[in-house]
Structures are given as C-alpha cells and as structure tokens.
$ cat input04.pdb   # PDB, C-alpha atoms and all ligand atoms
ATOM      1  CA  MET A   1       0.000   0.000   0.000
ATOM      2  CA  ALA A   2       1.256   3.472  -0.840
ATOM      3  CA  THR A   3       1.632   6.345   1.602
ATOM      4  CA  ILE A   4      -0.741   9.079   0.464
ATOM      5  CA  ILE A   5       0.269  12.708   0.799
ATOM      6  CA  ALA A   6      -2.324  15.263  -0.290
ATOM      7  CA  THR A   7      -1.190  18.539  -1.853
ATOM      8  CA  THR A   8      -3.069  21.835  -2.087
ATOM      9  CA  ARG A   9      -1.956  22.323  -5.705
ATOM     10  CA  PRO A  10      -0.208  20.232  -8.337
ATOM     11  CA  LEU A  11       3.486  20.250  -7.419
ATOM     12  CA  PRO A  12       6.440  18.854  -9.368
ATOM     13  CA  LEU A  13       7.385  16.189  -6.825
ATOM     14  CA  PRO A  14       9.863  13.379  -7.445
ATOM     15  CA  GLU A  15       8.996   9.704  -7.031
ATOM     16  CA  MET A  16       9.979   8.584  -3.556
ATOM     17  CA  GLU A  17       9.567   6.103  -0.743
ATOM     18  CA  LEU A  18       8.925   7.098   2.843
ATOM     19  CA  ALA A  19       9.111   4.661   5.759
ATOM     20  CA  GLY A  20       9.585   1.798   3.278
ATOM     21  CA  ARG A  21       6.512   2.616   1.204
ATOM     22  CA  GLN A  22       6.022   4.241  -2.154
ATOM     23  CA  VAL A  23       4.527   7.723  -1.837
ATOM     24  CA  ARG A  24       1.492   8.742  -3.847
ATOM     25  CA  PHE A  25       0.996  12.506  -4.034
ATOM     26  CA  VAL A  26      -2.635  13.421  -4.616
ATOM     27  CA  HIS A  27      -3.713  16.920  -5.534
ATOM     28  CA  ALA A  28      -6.684  17.576  -3.247
ATOM     29  CA  GLU A  29      -8.822  19.482  -5.709
ATOM     30  CA  ALA A  30     -11.365  21.788  -4.048
ATOM     31  CA  GLY A  31      -9.905  20.722  -0.709
ATOM     32  CA  ALA A  32     -11.027  17.078  -1.043
ATOM     33  CA  VAL A  33      -8.274  15.259   0.840
ATOM     34  CA  PRO A  34      -8.649  11.494   0.402
ATOM     35  CA  ASP A  35      -9.214   9.223   3.354
ATOM     36  CA  GLY A  36      -5.937   7.547   4.269
ATOM     37  CA  ALA A  37      -3.762  10.592   3.479
ATOM     38  CA  VAL A  38      -1.174  11.048   6.232
ATOM     39  CA  ALA A  39      -0.278  14.668   5.604
ATOM     40  CA  LEU A  40      -1.341  17.754   3.724
ATOM     41  CA  LEU A  41       1.520  19.385   1.829
ATOM     42  CA  SER A  42       0.530  23.016   1.294
ATOM     43  CA  THR A  43       2.283  26.044  -0.133
ATOM     44  CA  ALA A  44       2.479  29.330   1.753
ATOM     45  CA  VAL A  45       0.076  30.980  -0.689
ATOM     46  CA  ASP A  46      -2.711  28.390  -0.424
ATOM     47  CA  PRO A  47      -5.293  29.099   2.286
ATOM     48  CA  VAL A  48      -5.594  26.216   4.733
ATOM     49  CA  ASP A  49      -8.516  27.659   6.638
ATOM     50  CA  ALA A  50     -10.857  26.291   9.288
ATOM     51  CA  ALA A  51     -13.310  25.034   6.645
ATOM     52  CA  LEU A  52     -10.623  22.994   4.868
ATOM     53  CA  ILE A  53      -9.177  21.728   8.142
ATOM     54  CA  SER A  54     -12.611  20.577   9.290
ATOM     55  CA  THR A  55     -12.908  18.361   6.191
ATOM     56  CA  LEU A  56      -9.535  16.626   6.636
ATOM     57  CA  PRO A  57      -9.869  12.907   7.284
ATOM     58  CA  ASP A  58      -8.670  11.636  10.688
ATOM     59  CA  SER A  59      -5.751   9.913   8.948
ATOM     60  CA  VAL A  60      -4.069  13.316   8.437
ATOM     61  CA  GLY A  61      -1.732  14.197  11.303
ATOM     62  CA  LEU A  62       0.429  16.922   9.809
ATOM     63  CA  ILE A  63       0.118  20.040   7.674
ATOM     64  CA  ALA A  64       3.548  20.456   6.076
ATOM     65  CA  ASN A  65       3.682  23.992   4.738
ATOM     66  CA  LEU A  66       6.195  24.858   2.024
ATOM     67  CA  GLY A  67       7.385  28.301   3.083
ATOM     68  CA  VAL A  68       8.777  29.937   6.167
ATOM     69  CA  GLY A  69       5.539  31.897   6.649
ATOM     70  CA  TYR A  70       2.420  30.095   7.821
ATOM     71  CA  ASP A  71      -0.156  32.894   7.984
ATOM     72  CA  ASN A  72      -2.113  30.960   5.341
ATOM     73  CA  ILE A  73      -2.983  28.327   7.962
ATOM     74  CA  ASP A  74      -5.656  28.644  10.632
ATOM     75  CA  LEU A  75      -3.448  27.475  13.488
ATOM     76  CA  ALA A  76      -6.245  27.457  16.052
ATOM     77  CA  ALA A  77      -8.290  25.135  13.830
ATOM     78  CA  ALA A  78      -5.235  22.897  13.314
ATOM     79  CA  ALA A  79      -4.629  22.767  17.071
ATOM     80  CA  ALA A  80      -8.287  21.971  17.719
ATOM     81  CA  ARG A  81      -8.011  18.972  15.365
ATOM     82  CA  GLY A  82      -4.804  17.837  17.098
ATOM     83  CA  LEU A  83      -2.710  18.407  13.967
ATOM     84  CA  LEU A  84       0.939  19.362  13.844
ATOM     85  CA  VAL A  85       2.109  22.104  11.486
ATOM     86  CA  SER A  86       5.602  22.403  10.010
ATOM     87  CA  ASN A  87       7.256  25.088   7.888
ATOM     88  CA  THR A  88      10.461  25.280   5.815
ATOM     89  CA  PRO A  89      12.893  27.852   7.219
ATOM     90  CA  VAL A  90      15.232  27.527   4.236
ATOM     91  CA  VAL A  91      14.275  30.620   2.250
ATOM     92  CA  THR A  92      16.404  33.154   4.124
ATOM     93  CA  GLU A  93      19.183  33.943   1.667
ATOM     94  CA  ASP A  94      17.042  33.793  -1.488
ATOM     95  CA  THR A  95      14.440  36.126   0.002
ATOM     96  CA  ALA A  96      17.163  38.503   1.189
ATOM     97  CA  ASP A  97      18.622  38.466  -2.333
ATOM     98  CA  LEU A  98      15.255  39.500  -3.732
ATOM     99  CA  ALA A  99      14.782  42.195  -1.094
ATOM    100  CA  PHE A 100      18.132  43.631  -2.081
ATOM    101  CA  ALA A 101      17.284  43.359  -5.764
ATOM    102  CA  LEU A 102      14.110  45.378  -5.105
ATOM    103  CA  ILE A 103      15.997  47.917  -2.991
ATOM    104  CA  LEU A 104      18.388  48.464  -5.883
ATOM    105  CA  ALA A 105      15.737  48.325  -8.582
ATOM    106  CA  ALA A 106      13.360  50.722  -6.819
ATOM    107  CA  CYS A 107      16.050  53.201  -5.765
ATOM    108  CA  ARG A 108      17.847  53.154  -9.094
ATOM    109  CA  ARG A 109      14.616  52.961 -11.119
ATOM    110  CA  VAL A 110      15.834  49.951 -13.042
ATOM    111  CA  GLY A 111      12.391  48.951 -14.355
ATOM    112  CA  GLN A 112      11.589  52.489 -15.400
ATOM    113  CA  GLY A 113      14.939  52.846 -17.175
ATOM    114  CA  GLU A 114      14.425  49.595 -19.002
ATOM    115  CA  ARG A 115      10.921  50.531 -20.115
ATOM    116  CA  PHE A 116      12.255  53.917 -21.230
ATOM    117  CA  LEU A 117      14.975  52.316 -23.327
ATOM    118  CA  ARG A 118      12.692  49.654 -24.814
ATOM    119  CA  ALA A 119      10.140  52.304 -25.738
ATOM    120  CA  GLY A 120      12.818  54.020 -27.821
ATOM    121  CA  LYS A 121      12.698  57.204 -25.692
ATOM    122  CA  TRP A 122      16.450  57.427 -25.051
ATOM    123  CA  ASN A 123      17.235  59.345 -28.180
ATOM    124  CA  GLU A 124      14.117  61.473 -27.927
ATOM    125  CA  THR A 125      14.169  62.849 -24.405
ATOM    126  CA  GLY A 126      17.540  62.171 -22.832
ATOM    127  CA  THR A 127      17.514  60.370 -19.481
ATOM    128  CA  PRO A 128      14.659  59.180 -17.262
ATOM    129  CA  PRO A 129      14.102  60.734 -13.783
ATOM    130  CA  LEU A 130      16.959  60.420 -11.322
ATOM    131  CA  GLY A 131      16.916  57.736  -8.662
ATOM    132  CA  THR A 132      18.037  57.511  -5.034
ATOM    133  CA  ARG A 133      21.559  56.596  -3.906
ATOM    134  CA  VAL A 134      21.797  53.191  -2.220
ATOM    135  CA  HIS A 135      25.381  52.953  -0.977
ATOM    136  CA  GLY A 136      25.905  54.788   2.261
ATOM    137  CA  ALA A 137      22.139  55.245   2.804
ATOM    138  CA  LYS A 138      20.289  54.509   6.064
ATOM    139  CA  LEU A 139      18.407  51.227   5.788
ATOM    140  CA  GLY A 140      15.536  50.592   8.195
ATOM    141  CA  ILE A 141      14.753  46.901   8.609
ATOM    142  CA  ILE A 142      11.378  46.038  10.103
ATOM    143  CA  GLY A 143      11.509  42.517  11.548
ATOM    144  CA  PHE A 144      14.964  41.318  12.519
ATOM    145  CA  GLY A 145      14.570  37.571  12.149
ATOM    146  CA  ALA A 146      16.762  35.466   9.865
ATOM    147  CA  ILE A 147      15.705  37.280   6.667
ATOM    148  CA  GLY A 148      16.003  40.771   8.130
ATOM    149  CA  GLN A 149      19.482  39.893   9.379
ATOM    150  CA  ALA A 150      20.474  38.479   5.982
ATOM    151  CA  VAL A 151      19.422  41.796   4.393
ATOM    152  CA  ALA A 152      21.519  43.647   7.003
ATOM    153  CA  ARG A 153      24.528  41.513   6.011
ATOM    154  CA  ARG A 154      24.090  42.520   2.381
ATOM    155  CA  ALA A 155      23.699  46.176   3.410
ATOM    156  CA  SER A 156      27.117  46.191   5.060
ATOM    157  CA  GLY A 157      28.691  45.553   1.640
ATOM    158  CA  PHE A 158      27.001  48.747   0.457
ATOM    159  CA  GLY A 159      28.337  50.763   3.378
ATOM    160  CA  MET A 160      24.821  51.365   4.684
ATOM    161  CA  THR A 161      23.852  52.349   8.205
ATOM    162  CA  VAL A 162      21.398  49.739   9.467
ATOM    163  CA  LEU A 163      18.533  50.402  11.886
ATOM    164  CA  TYR A 164      16.118  47.707  12.936
ATOM    165  CA  HIS A 165      12.751  47.499  14.595
ATOM    166  CA  ASN A 166      11.632  44.233  16.136
ATOM    167  CA  ARG A 167       9.261  43.189  18.914
ATOM    168  CA  SER A 168      12.267  42.288  21.016
ATOM    169  CA  ARG A 169      15.761  43.657  20.935
ATOM    170  CA  LYS A 170      18.367  41.284  19.430
ATOM    171  CA  PRO A 171      21.605  42.604  20.919
ATOM    172  CA  VAL A 172      23.919  39.766  19.894
ATOM    173  CA  GLN A 173      22.836  39.630  16.253
ATOM    174  CA  ALA A 174      22.596  43.431  16.042
ATOM    175  CA  ASN A 175      26.069  43.855  17.450
ATOM    176  CA  ALA A 176      27.509  41.430  14.881
ATOM    177  CA  LEU A 177      25.789  43.390  12.096
ATOM    178  CA  SER A 178      26.367  46.877  13.530
ATOM    179  CA  ALA A 179      22.614  47.438  13.493
ATOM    180  CA  ARG A 180      20.963  49.946  15.844
ATOM    181  CA  TYR A 181      17.702  49.051  17.582
ATOM    182  CA  CYS A 182      14.721  51.387  17.265
ATOM    183  CA  LYS A 183      12.147  50.355  19.847
ATOM    184  CA  ASP A 184       9.669  52.749  18.288
ATOM    185  CA  LEU A 185       8.794  52.081  14.694
ATOM    186  CA  ALA A 186       8.267  55.822  14.151
ATOM    187  CA  GLU A 187      11.887  56.499  15.120
ATOM    188  CA  LEU A 188      13.130  54.086  12.450
ATOM    189  CA  LEU A 189      10.747  55.465   9.833
ATOM    190  CA  ALA A 190      11.784  59.052  10.505
ATOM    191  CA  ALA A 191      15.461  58.198  10.054
ATOM    192  CA  ALA A 192      15.569  55.631   7.235
ATOM    193  CA  ASP A 193      16.157  56.487   3.577
ATOM    194  CA  ILE A 194      15.074  52.975   2.618
ATOM    195  CA  VAL A 195      12.674  50.778   4.588
ATOM    196  CA  SER A 196      12.584  47.010   4.042
ATOM    197  CA  ILE A 197       9.880  44.868   5.662
ATOM    198  CA  HIS A 198      10.652  41.388   7.016
ATOM    199  CA  ALA A 199       8.085  40.848   9.771
ATOM    200  CA  PRO A 200       5.663  37.916   9.884
ATOM    201  CA  LEU A 201       1.974  38.589   9.244
ATOM    202  CA  THR A 202      -0.011  38.353  12.472
ATOM    203  CA  GLU A 203      -3.048  40.178  13.838
ATOM    204  CA  GLU A 204      -0.606  42.657  15.467
ATOM    205  CA  THR A 205       1.378  43.360  12.300
ATOM    206  CA  ARG A 206      -1.538  43.677   9.841
ATOM    207  CA  HIS A 207      -1.333  47.206   8.360
ATOM    208  CA  LEU A 208       1.758  47.938  10.451
ATOM    209  CA  ILE A 209       2.616  50.349   7.656
ATOM    210  CA  ASP A 210      -0.557  52.399   7.532
ATOM    211  CA  ALA A 211      -1.174  56.048   6.616
ATOM    212  CA  ASP A 212       0.313  57.264   9.921
ATOM    213  CA  ALA A 213       3.428  55.119   9.531
ATOM    214  CA  LEU A 214       3.887  56.339   5.971
ATOM    215  CA  ALA A 215       3.480  59.938   7.115
ATOM    216  CA  ALA A 216       6.203  59.263   9.711
ATOM    217  CA  CYS A 217       8.618  58.222   6.941
ATOM    218  CA  LYS A 218      11.313  60.582   5.816
ATOM    219  CA  PRO A 219      10.109  62.523   2.735
ATOM    220  CA  GLY A 220      11.461  60.762  -0.340
ATOM    221  CA  ALA A 221      11.913  57.404   1.415
ATOM    222  CA  VAL A 222      11.808  54.152  -0.546
ATOM    223  CA  LEU A 223       9.727  51.212   0.712
ATOM    224  CA  VAL A 224      10.366  47.547  -0.058
ATOM    225  CA  ASN A 225       8.103  44.676   0.969
ATOM    226  CA  THR A 226       9.078  41.048   0.419
ATOM    227  CA  ALA A 227       7.284  39.778   3.549
ATOM    228  CA  ARG A 228       3.477  39.745   3.280
ATOM    229  CA  GLY A 229       1.149  42.153   1.484
ATOM    230  CA  PRO A 230      -1.238  42.885   4.379
ATOM    231  CA  LEU A 231       1.610  44.347   6.448
ATOM    232  CA  VAL A 232       1.112  47.465   4.318
ATOM    233  CA  ASP A 233      -2.102  49.413   3.828
ATOM    234  CA  GLU A 234      -1.934  49.444   0.031
ATOM    235  CA  ASP A 235      -4.367  52.358  -0.412
ATOM    236  CA  ALA A 236      -2.295  54.476   1.955
ATOM    237  CA  LEU A 237       0.895  53.505   0.126
ATOM    238  CA  ILE A 238      -0.592  54.431  -3.241
ATOM    239  CA  ALA A 239      -1.607  57.825  -1.825
ATOM    240  CA  ALA A 240       1.914  58.384  -0.434
ATOM    241  CA  LEU A 241       3.449  57.414  -3.799
ATOM    242  CA  GLU A 242       1.089  59.778  -5.594
ATOM    243  CA  THR A 243       2.199  62.745  -3.489
ATOM    244  CA  GLY A 244       5.854  61.699  -3.798
ATOM    245  CA  HIS A 245       6.235  61.488  -0.007
ATOM    246  CA  ILE A 246       7.303  57.900  -0.694
ATOM    247  CA  ALA A 247       9.579  58.272  -3.704
ATOM    248  CA  ALA A 248       9.558  54.671  -4.883
ATOM    249  CA  ALA A 249       8.574  51.174  -3.826
ATOM    250  CA  GLY A 250       9.580  47.585  -4.529
ATOM    251  CA  LEU A 251       6.726  45.173  -3.888
ATOM    252  CA  ASP A 252       6.862  41.392  -4.130
ATOM    253  CA  VAL A 253       3.755  40.723  -2.037
ATOM    254  CA  PHE A 254       0.194  42.015  -2.097
ATOM    255  CA  SER A 255      -2.901  41.857   0.079
ATOM    256  CA  GLU A 256      -5.078  39.863  -2.311
ATOM    257  CA  GLU A 257      -2.633  37.732  -4.283
ATOM    258  CA  PRO A 258      -2.607  36.978  -7.125
ATOM    259  CA  SER A 259      -4.499  40.267  -7.543
ATOM    260  CA  PHE A 260      -2.895  43.615  -6.874
ATOM    261  CA  PRO A 261      -4.100  47.230  -7.021
ATOM    262  CA  GLU A 262      -4.455  48.387 -10.643
ATOM    263  CA  ALA A 263      -3.186  51.844  -9.663
ATOM    264  CA  LEU A 264       0.314  50.425  -9.112
ATOM    265  CA  LEU A 265       0.586  49.401 -12.762
ATOM    266  CA  ALA A 266       0.598  53.003 -13.884
ATOM    267  CA  MET A 267       3.286  54.049 -11.393
ATOM    268  CA  GLU A 268       6.699  54.195 -13.021
ATOM    269  CA  GLN A 269       8.401  54.528  -9.653
ATOM    270  CA  VAL A 270       7.147  51.145  -8.431
ATOM    271  CA  VAL A 271       8.831  47.796  -9.100
ATOM    272  CA  LEU A 272       6.404  44.880  -8.960
ATOM    273  CA  THR A 273       7.218  41.167  -8.747
ATOM    274  CA  PRO A 274       4.802  38.228  -8.255
ATOM    275  CA  HIS A 275       5.781  36.845  -4.795
ATOM    276  CA  ILE A 276       9.088  35.376  -5.966
ATOM    277  CA  GLY A 277      11.218  35.704  -2.821
ATOM    278  CA  SER A 278      11.873  31.966  -2.738
ATOM    279  CA  ALA A 279      11.558  31.417  -6.479
ATOM    280  CA  THR A 280      14.965  30.072  -7.398
ATOM    281  CA  ALA A 281      15.273  26.492  -8.602
ATOM    282  CA  GLN A 282      17.651  25.776  -5.736
ATOM    283  CA  CYS A 283      15.463  27.290  -3.029
ATOM    284  CA  ARG A 284      12.310  25.557  -4.253
ATOM    285  CA  THR A 285      14.199  22.234  -4.214
ATOM    286  CA  ASP A 286      15.381  22.950  -0.655
ATOM    287  CA  MET A 287      11.832  23.772   0.405
ATOM    288  CA  VAL A 288      10.365  20.562  -1.004
ATOM    289  CA  GLN A 289      13.152  18.484   0.543
ATOM    290  CA  ARG A 290      12.616  20.099   3.929
ATOM    291  CA  GLY A 291       8.838  19.678   3.743
ATOM    292  CA  ILE A 292       9.226  16.013   2.841
ATOM    293  CA  ALA A 293      11.839  15.562   5.590
ATOM    294  CA  ASN A 294       9.281  16.819   8.104
ATOM    295  CA  ILE A 295       6.696  14.354   6.812
ATOM    296  CA  ALA A 296       9.234  11.501   6.906
ATOM    297  CA  GLN A 297      10.195  12.301  10.486
ATOM    298  CA  PHE A 298       6.530  12.570  11.440
ATOM    299  CA  LEU A 299       5.782   9.137   9.971
ATOM    300  CA  GLU A 300       8.750   7.554  11.707
ATOM    301  CA  THR A 301       8.641   9.251  15.107
ATOM    302  CA  GLY A 302       5.475  11.335  15.370
ATOM    303  CA  THR A 303       7.651  14.451  15.783
ATOM    304  CA  ILE A 304       8.787  17.153  13.366
ATOM    305  CA  ARG A 305      11.902  19.290  13.081
ATOM    306  CA  ASP A 306      10.279  22.547  12.023
ATOM    307  CA  MET A 307       7.457  22.794  14.498
ATOM    308  CA  VAL A 308       5.153  25.791  14.082
ATOM    309  CA  PRO A 309       3.958  26.916  17.530
ATOM    310  CA  LEU A 310       0.200  26.438  17.808
ATOM    311  CA  GLY A 311      -0.231  28.206  21.130
ATOM    312  CA  ARG A 312      -1.944  25.265  22.846
ATOM    313  CA  GLU A 313       0.542  24.486  25.593
TER
HETATM  314  C1  LIG A 401       7.707  31.938   2.427
HETATM  315  O1  LIG A 401       8.669  31.178   2.578
HETATM  316  O2  LIG A 401       6.893  32.176   3.323
HETATM  317  C2  LIG A 401       7.521  32.516   1.066
HETATM  318  O3  LIG A 401       6.745  33.651   1.088
HETATM  319  C3  LIG A 401       6.901  31.464   0.184
HETATM  320  O4  LIG A 401       7.351  31.583  -1.082
END

$ encode --input "input04.pdb" --output "structure tokens" --more "lines below"
Ligand code: DGY
Amino acid sequence: MATIIATTRPLPLPEMELAGRQVRFVHAEAGAVPDGAVALLSTAVDPVDAALISTLPDSVGLIANLGVGYDNIDLAAAAARGLLVSNTPVVTEDTADLAFALILAACRRVGQGERFLRAGKWNETGTPPLGTRVHGAKLGIIGFGAIGQAVARRASGFGMTVLYHNRSRKPVQANALSARYCKDLAELLAAADIVSIHAPLTEETRHLIDADALAACKPGAVLVNTARGPLVDEDALIAALETGHIAAAGLDVFSEEPSFPEALLAMEQVVLTPHIGSATAQCRTDMVQRGIANIAQFLETGTIRDMVPLGRE
C-alpha cells in the first residue's frame, strides 16, 4: 500500500519512498483530501482555513507547509483537530537576495529605465528621472529575524547604516551586524532612507505600515516589501506614492494575491514582482526536501523538526 500525501496544488514532486513505502501525491482538488492521506503538503500561498481543516480525514496528522511563513494556515483550527504544522525555514538567503534586488531596482529605477529604453525614448528625451543613492544610505529593517538579518549583512557591503525594529531587541545579532535598535517604529521610519519589511503577518502586524506610519517616513523614502502584502495598507501607500512622499517602492507581495491594485501598474516609480522571494530552482528544491523531511520524520517518530507553535501548551 502506498503512503498518500495530499497537496493543495499540483506540485512537481519526485517519485519517492517514505518509511519503506512508495509515496502517492494526490492533488486535493477543491480541498477534497482522500481518506488515508497522512499529511497535507501546502504552499504558503494556499489558504488552509478552518473550513478545509474541518474536512480533513482523521488519517491526516500533519500540515507540512512549504514556506517559512504560515499565515495561510488557521493554526487554532489545526490545534483543535490535534494536527501538527511544520514550515520550511530555508528561504532566508534567497528572500534577502530579492529584497536587495528590489531595494536596488526601486532606488535606481531599473524597471523604469528599461521601459524607457525599450520604448525608444532614449534618443528622444535624454535620461529618465533620477533615482536615489543606495550605498551609504540609512536602511531601516522592520523585523529582525533570519531574513532581516540576511538583508543587514548585504547592506554592510554597500556601506549602509542599518537600523532595525523588532518586537524584542536582538543585541547579539545586532552587534555582529552593527545594526541599531529602534524600539519605536516611528523612530526608524523618521530616520531611514530605505525601509525594508521582514516581519511575519499576524493580527498585530496587519497594516503595520498604515497612513500614519507612511506619514512618519522621511520625505522621499523608498519602501520595499518582500514579507506579506497585508503588512502594508496598500491604499495608503498608493496615496503616499502619488504625493511623492514615498519616492519609490519595490513590492513582491500584495494583500489579495494573485491580484494587486491596478493603480500600481501606472506608477513608473514602483517595481512589482509576483511573490518570488523563494523562487529560485535551488530554493524551491530545498523547500520541497525540507517539507518532505518533516513528513518523513513525522511518519517515523510522530515528531517534526520545524514545528510551528500552535499556542496550545
Ligand atoms: C515563504 O517562505 O513564506 C515565502 O513567502 C513562500 O514563497
């Protein structure tokens, strides 16, 4: 008999055996997870809400989420069903690479310059609008977990001054990265030339960057978000971009993915990417391997390496 693992979408998964049995991956279309499935393998952009969790057969013991974030999962519903939840904390460096790419692209108006050149405007009108200097700038990092710290490491190569805001102070890591703690978000926003968001999405962080936070930013600041769309009030950001108070933005994540506000499309000063922080062939392979490793460990021992806290102690 095969070991059945349900998936929330079709995924390119290799043939494999787990605990001595062939694995059969079954795409659970419309949430219909077959009886006998031992785990649900989900991606970080597929909602695993209370309704889906309530329909899982009793054979399922684990939700193995592909992604470091797990805001797509109703953890209370998972806890109530006695399920374990795992994540894949292997996206740090790839996501930090993308954050830095967006910092550079937004500040230096790379997309706008490329569109300008491709549209044949170079000869006609000279150069496109000037960008913002990156090297030596003050970078404000919101959320100083593994990804925020990896961005700080990259910033040191650009001679940047790094400030960070985090729920708790991280003196050891901050000292190693010469990063200064701002307990108050407003203090960081007032000082930073470039703000990069790396906080998890929770009820406390939803719309962390709202109209007031944007108003607290330095005039001409650049905002980059590679974390989760709902951390930013998109309407407020669009308004701040329209006035020029926020000079440019690099956005990889949106509140209603795969949709995004139409208004952003017309904004030359905004760089838009479709949630690709972890989208390198190598990182996606690492994520699948880590997700499967969690399932394998769960089948063998009933425990998992990357345990997501469910708050049910
Ligand atoms: C993550 O790891 O949470 C990413 O957003 C998924 O690609």

$ resolve_selection --input "input04.pdb" --expression "the PyMOL selection byres (((chain A and resi 256) around 12) and not hetatm)" --output "ChimeraX atom specification"
/A:45-47,228-234,253-255,257-262,274-275

$ axis_aligned_box --input "input04.pdb" --around "region 84-97 of chain A" --padding-each-side "6 Å" --output "JSON"
{"center_x": 10.1, "center_y": 28.9, "center_z": 5.8, "size_x": 30.2, "size_y": 31.1, "size_z": 28.2}

$ closest_atom_pairs --input "input04.pdb" --of "chain A" --to "ligand LIG 401 (chain A)" --cutoff "8 Å" --atoms "all atoms listed in the file" --output "CSV"
residue,atom,partner,partner_atom,distance
A:Thr43,CA,A:LIG401,C3,7.1
A:Ala44,CA,A:LIG401,C3,5.2
A:Val45,CA,A:LIG401,C3,6.9
A:Leu66,CA,A:LIG401,O1,6.8
A:Gly67,CA,A:LIG401,O1,3.2
A:Val68,CA,A:LIG401,O1,3.8
A:Gly69,CA,A:LIG401,O2,3.6
A:Tyr70,CA,A:LIG401,O2,6.7
A:Thr88,CA,A:LIG401,O1,7.0
A:Pro89,CA,A:LIG401,O1,7.1
A:Val90,CA,A:LIG401,O1,7.7
A:Val91,CA,A:LIG401,O1,5.6
A:Thr95,CA,A:LIG401,C2,7.9
A:Thr226,CA,A:LIG401,O3,7.8
A:Ala227,CA,A:LIG401,O3,6.6
A:Arg228,CA,A:LIG401,O3,7.3
A:His275,CA,A:LIG401,O4,6.6
A:Ile276,CA,A:LIG401,O4,6.4
A:Gly277,CA,A:LIG401,O4,5.9
A:Ser278,CA,A:LIG401,O4,4.8
A:Ala279,CA,A:LIG401,O4,6.8

$ atom_distance --input "input04.pdb" --atom1 "CA of Thr285 (chain A)" --atom2 "CA of Gln149 (chain A)"
22.9 Å

$ closest_residue --input "input04.pdb" --among "A:Ala78, A:Gln269, A:Val308, A:Val134" --to "Gly157 (chain A)" --atoms "all atoms listed in the file"
A:Val134

$ resolve_selection --input "input04.pdb" --expression "the PyMOL selection byres (((chain A and resi 175-188) around 9) and not hetatm)" --output "PyMOL selection string"
chain A and resi 139-142+149+152-153+156+161-174+189-192+195+213+216-217

$ residues_around --input "input04.pdb" --residues "Thr8 (chain A)" --least-positions-apart "5" --cutoff "7 Å" --atoms "all atoms listed in the file" --output "NGL selection string"
:A and (27-28 or 41-42 or 46)

$ resolve_selection --input "input04.pdb" --expression "the PyMOL selection byres (((chain A and resi 63) around 7) and not hetatm)" --output "ChimeraX atom specification"
/A:39-41,62,64-65,84-86

$ atom_distance --input "input04.pdb" --atom1 "CA of Gly291 (chain A)" --atom2 "CA of Val151 (chain A)"
24.5 Å

$ closest_atom_pairs --input "input04.pdb" --of "region 187-230 of chain A" --to "region 124-132 of chain A" --cutoff "12 Å" --atoms "all atoms listed in the file" --output "Markdown table"
| residue | atom | partner | partner_atom | distance |
| --- | --- | --- | --- | --- |
| A:Asp193 | CA | A:Thr132 | CA | 8.9 |
| A:Ile194 | CA | A:Thr132 | CA | 9.4 |
| A:Gly220 | CA | A:Thr132 | CA | 8.7 |
| A:Ala221 | CA | A:Thr132 | CA | 8.9 |
| A:Val222 | CA | A:Thr132 | CA | 8.4 |
| A:Leu223 | CA | A:Thr132 | CA | 11.9 |

$ closest_residue --input "input04.pdb" --among "A:Gly20, A:Ala96, A:Leu11, A:Asn87" --to "Asn294 (chain A)" --atoms "all atoms listed in the file"
A:Asn87

$ residues_around --input "input04.pdb" --residues "Asp74 (chain A)" --least-positions-apart "6" --cutoff "7 Å" --atoms "only C-alpha atoms" --output "PyMOL selection string"
chain A and resi 48-50

$ residues_around --input "input04.pdb" --residues "Asp71 (chain A)" --least-positions-apart "6" --cutoff "8 Å" --atoms "only C-alpha atoms" --output "ChimeraX atom specification"
/A:44,200-202
